[in-house]
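**Student:** Below you'll find the structure I mean.
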Amino acid sequence: MIAELEAKILEVGPGHLIGFCAEPVVGATMGAVPPTPGYFVGVRSLCDRYGILLIADEVMCGMGRTGTLYALEQEGVTADLVAIAKGLGGGYQPIGAVLARSAIVDPMQRGSGFFQHGHTYIGHPIAAAAALAVQKVIKLDRLLDAVRRQGAYLANRLKSTFANHPHVGDIRGRGLFMGLELVRDRATKAPFDPTIKIHAAIKKNAMARGLLVYPGGGTIDGNAGNQILLAPPFIASAADLDAIVERLADAMTDTFKTLRVAA
């Protein structure tokens with residue numbers, strides 16, 4: 001995979017490439033998919049070799065969601081730029097930010113000292129205060145430890161419930177960021193007919209039980225492929241996670257029964 005990536009870089013021409021951007025754990029488009037072991041080490045090496053910026057999109061998977069403050073930490077590499085949001089403000093206040101290494105910031109400071117970029121509410125004091133308060137609570141209450149501990153519990157509960165389910169092709173994720181791949185046939189991993197919109201049906205049935213899940217479709221080619229994403233609060237208890245798994249199981253059972261899909 002890394003060799004193919006390098007071949008593509010050479011084909012395009014390193015001088016034409018500014019950055020390589022990727023989610024360390026892919027969220028909405030694939031449903032909590034971690035990288036192949038060693039992948040980001042190889043990407044970091046290629047970026048260093050050809051002068052390309054490594055940009056981590058941690059809007060969804062960052063700020064503790066996978067068990068470490070930055071999802072890329074678990075790959076043993078550091079990005080040049082990191083985009084963060086969502087968990088940065090914990091849902092209390094909309095906020096997004098970009099973190100940059102000194103190797104990027106220092107040349108600008110030595111030059112004009114001006115970064116030609118921004119928007120109307122940049123540096124919003126209330127948003128910044130809310131984000132700071134959230135980060136203080138995460139540290140004070142040791143919520144990263146809780147995410148790792150409860151994430152392991154959630155993974156075990158999902159596996160014990162769905163590992164042999166005929167329409168669950170994969171159970172993946174990190175921390176409190178887990179996904180289930182939905183398939184027509186578990187042995188072949190053949191996807192459902194996209195017109196069924198199985199992910200949307202499961203979401204509807206889960207909502208009827210008081211459970212909110214994040215459905216996704218078009219995973220394979222923009223049309224076929226379905227998954228359900230789960231992202232419980234950092235303070236979720238074992239009882240909360242039990243309820244999530246049980247309600248999801250019931251929602252899936254009813255969905256397959258209603259759509260007359262053998263389960």
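Starting from 1 in every chain, residues are counted up; chains themselves are A, B, ... following the order of the structure tokens, and ligands are numbered from 1 as listed.
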Running DSSP on the backbone, which parts of region 19-262 of chain A land in strand (DSSP E or B), as a PyMOL selection string?
**Tutor:** chain A and resi 19-22+26+33+53-57+81-84+97-100+168-174+177-182+185+190+214-217+226-230
**Student:** I'd like the contact shell of Pro125 (chain A) - 12 Å cut-off, only C-alpha atoms, skipping same-chain residues fewer than 5 positions apart - returned as a list of chain:residue names.
**Tutor:**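 The residues satisfying every condition are A:Gln93, A:Pro94, A:Ile95, A:Ala130, A:Ala131, A:Leu132.
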**Student:** Write out the residues from the selection above, keeping all heavy atoms, as an mmCIF file, in the first residue's frame.
**Tutor:**
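Wrote out_13.cif, looks like this:
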data_model
loop_
_atom_site.group_PDB
_atom_site.id
_atom_site.type_symbol
_atom_site.label_atom_id
_atom_site.label_comp_id
_atom_site.auth_asym_id
_atom_site.auth_seq_id
_atom_site.Cartn_x
_atom_site.Cartn_y
_atom_site.Cartn_z
ATOM 1 N N GLN A 93 -20.467 23.921 22.739
ATOM 2 C CA GLN A 93 -20.265 25.127 21.946
ATOM 3 C C GLN A 93 -19.607 24.737 20.619
ATOM 4 O O GLN A 93 -18.600 24.015 20.612
ATOM 5 C CB GLN A 93 -19.346 26.098 22.691
ATOM 6 C CG GLN A 93 -18.836 27.270 21.881
ATOM 7 C CD GLN A 93 -19.929 28.266 21.543
ATOM 8 O OE1 GLN A 93 -20.769 28.565 22.386
ATOM 9 N NE2 GLN A 93 -19.922 28.768 20.322
ATOM 10 N N PRO A 94 -20.151 25.164 19.492
ATOM 11 C CA PRO A 94 -19.505 24.873 18.211
ATOM 12 C C PRO A 94 -18.115 25.517 18.165
ATOM 13 O O PRO A 94 -17.979 26.703 18.461
ATOM 14 C CB PRO A 94 -20.444 25.505 17.184
ATOM 15 C CG PRO A 94 -21.760 25.618 17.884
ATOM 16 C CD PRO A 94 -21.425 25.890 19.310
ATOM 17 N N ILE A 95 -17.120 24.740 17.795
ATOM 18 C CA ILE A 95 -15.757 25.269 17.679
ATOM 19 C C ILE A 95 -14.917 24.314 16.843
ATOM 20 O O ILE A 95 -15.114 23.093 16.881
ATOM 21 C CB ILE A 95 -15.105 25.478 19.067
ATOM 22 C CG1 ILE A 95 -13.734 26.159 18.907
ATOM 23 C CG2 ILE A 95 -15.000 24.175 19.837
ATOM 24 C CD1 ILE A 95 -13.101 26.599 20.217
ATOM 25 N N ALA A 130 -15.342 27.677 26.372
ATOM 26 C CA ALA A 130 -16.063 26.406 26.491
ATOM 27 C C ALA A 130 -15.138 25.232 26.179
ATOM 28 O O ALA A 130 -15.142 24.219 26.880
ATOM 29 C CB ALA A 130 -17.261 26.394 25.549
ATOM 30 N N ALA A 131 -14.333 25.375 25.124
ATOM 31 C CA ALA A 131 -13.406 24.307 24.750
ATOM 32 C C ALA A 131 -12.375 24.069 25.849
ATOM 33 O O ALA A 131 -12.041 22.921 26.175
ATOM 34 C CB ALA A 131 -12.707 24.649 23.441
ATOM 35 N N LEU A 132 -11.869 25.138 26.432
ATOM 36 C CA LEU A 132 -10.889 25.009 27.501
ATOM 37 C C LEU A 132 -11.504 24.300 28.703
ATOM 38 O O LEU A 132 -10.868 23.432 29.320
ATOM 39 C CB LEU A 132 -10.370 26.389 27.913
ATOM 40 C CG LEU A 132 -9.349 26.409 29.065
ATOM 41 C CD1 LEU A 132 -8.125 25.577 28.715
ATOM 42 C CD2 LEU A 132 -8.958 27.847 29.402
#
**Student:** Mind the document's chain letters and residue numbers, and return as a count of residues only the residues of region 85-130 of chain A that DSSP labels alpha helix (DSSP H).
**Tutor:** 15
**Student:** List as JSON lines every residue of region 42-98 of chain A that is in contact with region 20-26 of chain A, defined as an atom at most 7 Å from one of its atoms (using only C-alpha atoms), together with the nearest atom pair and the distance in Å rounded to one decimal, sorted by chain and then rising number.
**Tutor:**
{"residue": "A:Ile52", "atom": "CA", "partner": "A:Phe20", "partner_atom": "CA", "distance": 6.8}
{"residue": "A:Leu53", "atom": "CA", "partner": "A:Phe20", "partner_atom": "CA", "distance": 6.1}
{"residue": "A:Leu54", "atom": "CA", "partner": "A:Phe20", "partner_atom": "CA", "distance": 5.1}
{"residue": "A:Ile55", "atom": "CA", "partner": "A:Cys21", "partner_atom": "CA", "distance": 4.5}
{"residue": "A:Ala56", "atom": "CA", "partner": "A:Ala22", "partner_atom": "CA", "distance": 5.5}
{"residue": "A:Asp57", "atom": "CA", "partner": "A:Glu23", "partner_atom": "CA", "distance": 4.7}
{"residue": "A:Glu58", "atom": "CA", "partner": "A:Glu23", "partner_atom": "CA", "distance": 6.0}
{"residue": "A:Cys61", "atom": "CA", "partner": "A:Val25", "partner_atom": "CA", "distance": 6.1}
{"residue": "A:Ala71", "atom": "CA", "partner": "A:Pro24", "partner_atom": "CA", "distance": 6.1}
{"residue": "A:Leu72", "atom": "CA", "partner": "A:Pro24", "partner_atom": "CA", "distance": 5.6}
**Student:** Residues within 8 Å of region 171-176 of chain A, please, as a VMD selection string. Count only C-alpha atoms; anything in the same chain fewer than 2 positions from it doesn't count.
**Tutor:** chain A and resid 25 31 to 34 65 to 67 147 to 152 154 to 155 158 to 159 163 168 to 169 178 to 181 230 to 234
**Student:** For Thr255 (chain A), which residue out of A:Lys204, A:Lys8, A:Lys189, A:Arg209 is the nearest one, using only C-alpha atoms?
**Tutor:**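 With only C-alpha atoms as the atom set, the closest residue is A:Lys204.
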**Student:** Give me the residues near Asp221 (chain A) as a PyMOL selection string, where near means some atom within 12 Å (using only C-alpha atoms) and where sequence neighbours in that chain fewer than 5 positions away do not count.
**Tutor:** chain A and resi 29-30+191+194+226
**Student:** Between A:Lys139, A:Pro166, A:Ala103, A:Val59, which is the closest to Ala187 (chain A) once you count only C-alpha atoms?
**Tutor:**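 Ranking A:Lys139, A:Pro166, A:Ala103, A:Val59 by distance to Ala187 (chain A), first place goes to A:Pro166.
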**Student:** Suppose you want the space between CA of Ile104 (chain A) and CA of Val41 (chain A); what is it in Å?
**Tutor:**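 Atom-to-atom, CA of Ile104 (chain A) and CA of Val41 (chain A) are spaced 20.3 Å apart.
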**Student:** Mind pulling up the distance from CA of Asp48 (chain A) to CA of Asp80 (chain A)?
**Tutor:** 10.3 Å
**Student:** Rank nothing, just name the residue among A:Ala28, A:Ala200, A:Pro35, A:Ile2 nearest to Thr219 (chain A), using only C-alpha atoms.
**Tutor:**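 Closest residue, counting only C-alpha atoms: A:Ala28.
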**Student:** May I ask which of the residues A:Asp193, A:Asp250, A:Glu11, A:Glu75 is the closest one to Ala224 (chain A), counting only C-alpha atoms?
**Tutor:**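 Checking each of A:Asp193, A:Asp250, A:Glu11, A:Glu75 against Ala224 (chain A), counting only C-alpha atoms, the winner is A:Asp193.
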**Student:** Could you check the closest approach to Phe256 (chain A) for each of A:Ala3, A:Ile126, A:Val134, A:Val183 and tell me which residue wins, using only C-alpha atoms?
**Tutor:** A:Val183
**Student:** For Arg157 (chain A), please output as a ChimeraX atom specification all residues within 9 Å (counting only C-alpha atoms; exclusion window: fewer than 3 positions along the same chain).
**Tutor:** /A:152-154,160-162,241-242,245
**Student:** To one decimal in Å, tell me the separation between CA of Met252 (chain A) and CA of Leu182 (chain A).
**Tutor:**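 Taking CA of Met252 (chain A) and CA of Leu182 (chain A), their separation equals 10.1 Å.
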**Student:** Please provide the set of residues having any atom within 10 Å of Met63 (chain A), restricted to only C-alpha atoms, with same-chain residues fewer than 5 positions apart removed, written as a PyMOL selection string.
**Tutor:** chain A and resi 58+68-71+84-90+135+138+144
**Student:** From the set A:Gly111, A:Gly118, A:Gly225, A:Gly96, which residue has the shortest atom-to-atom contact distance to Ala190 (chain A), counting only C-alpha atoms?
**Tutor:**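 The answer is A:Gly225, which sits nearest to Ala190 (chain A).
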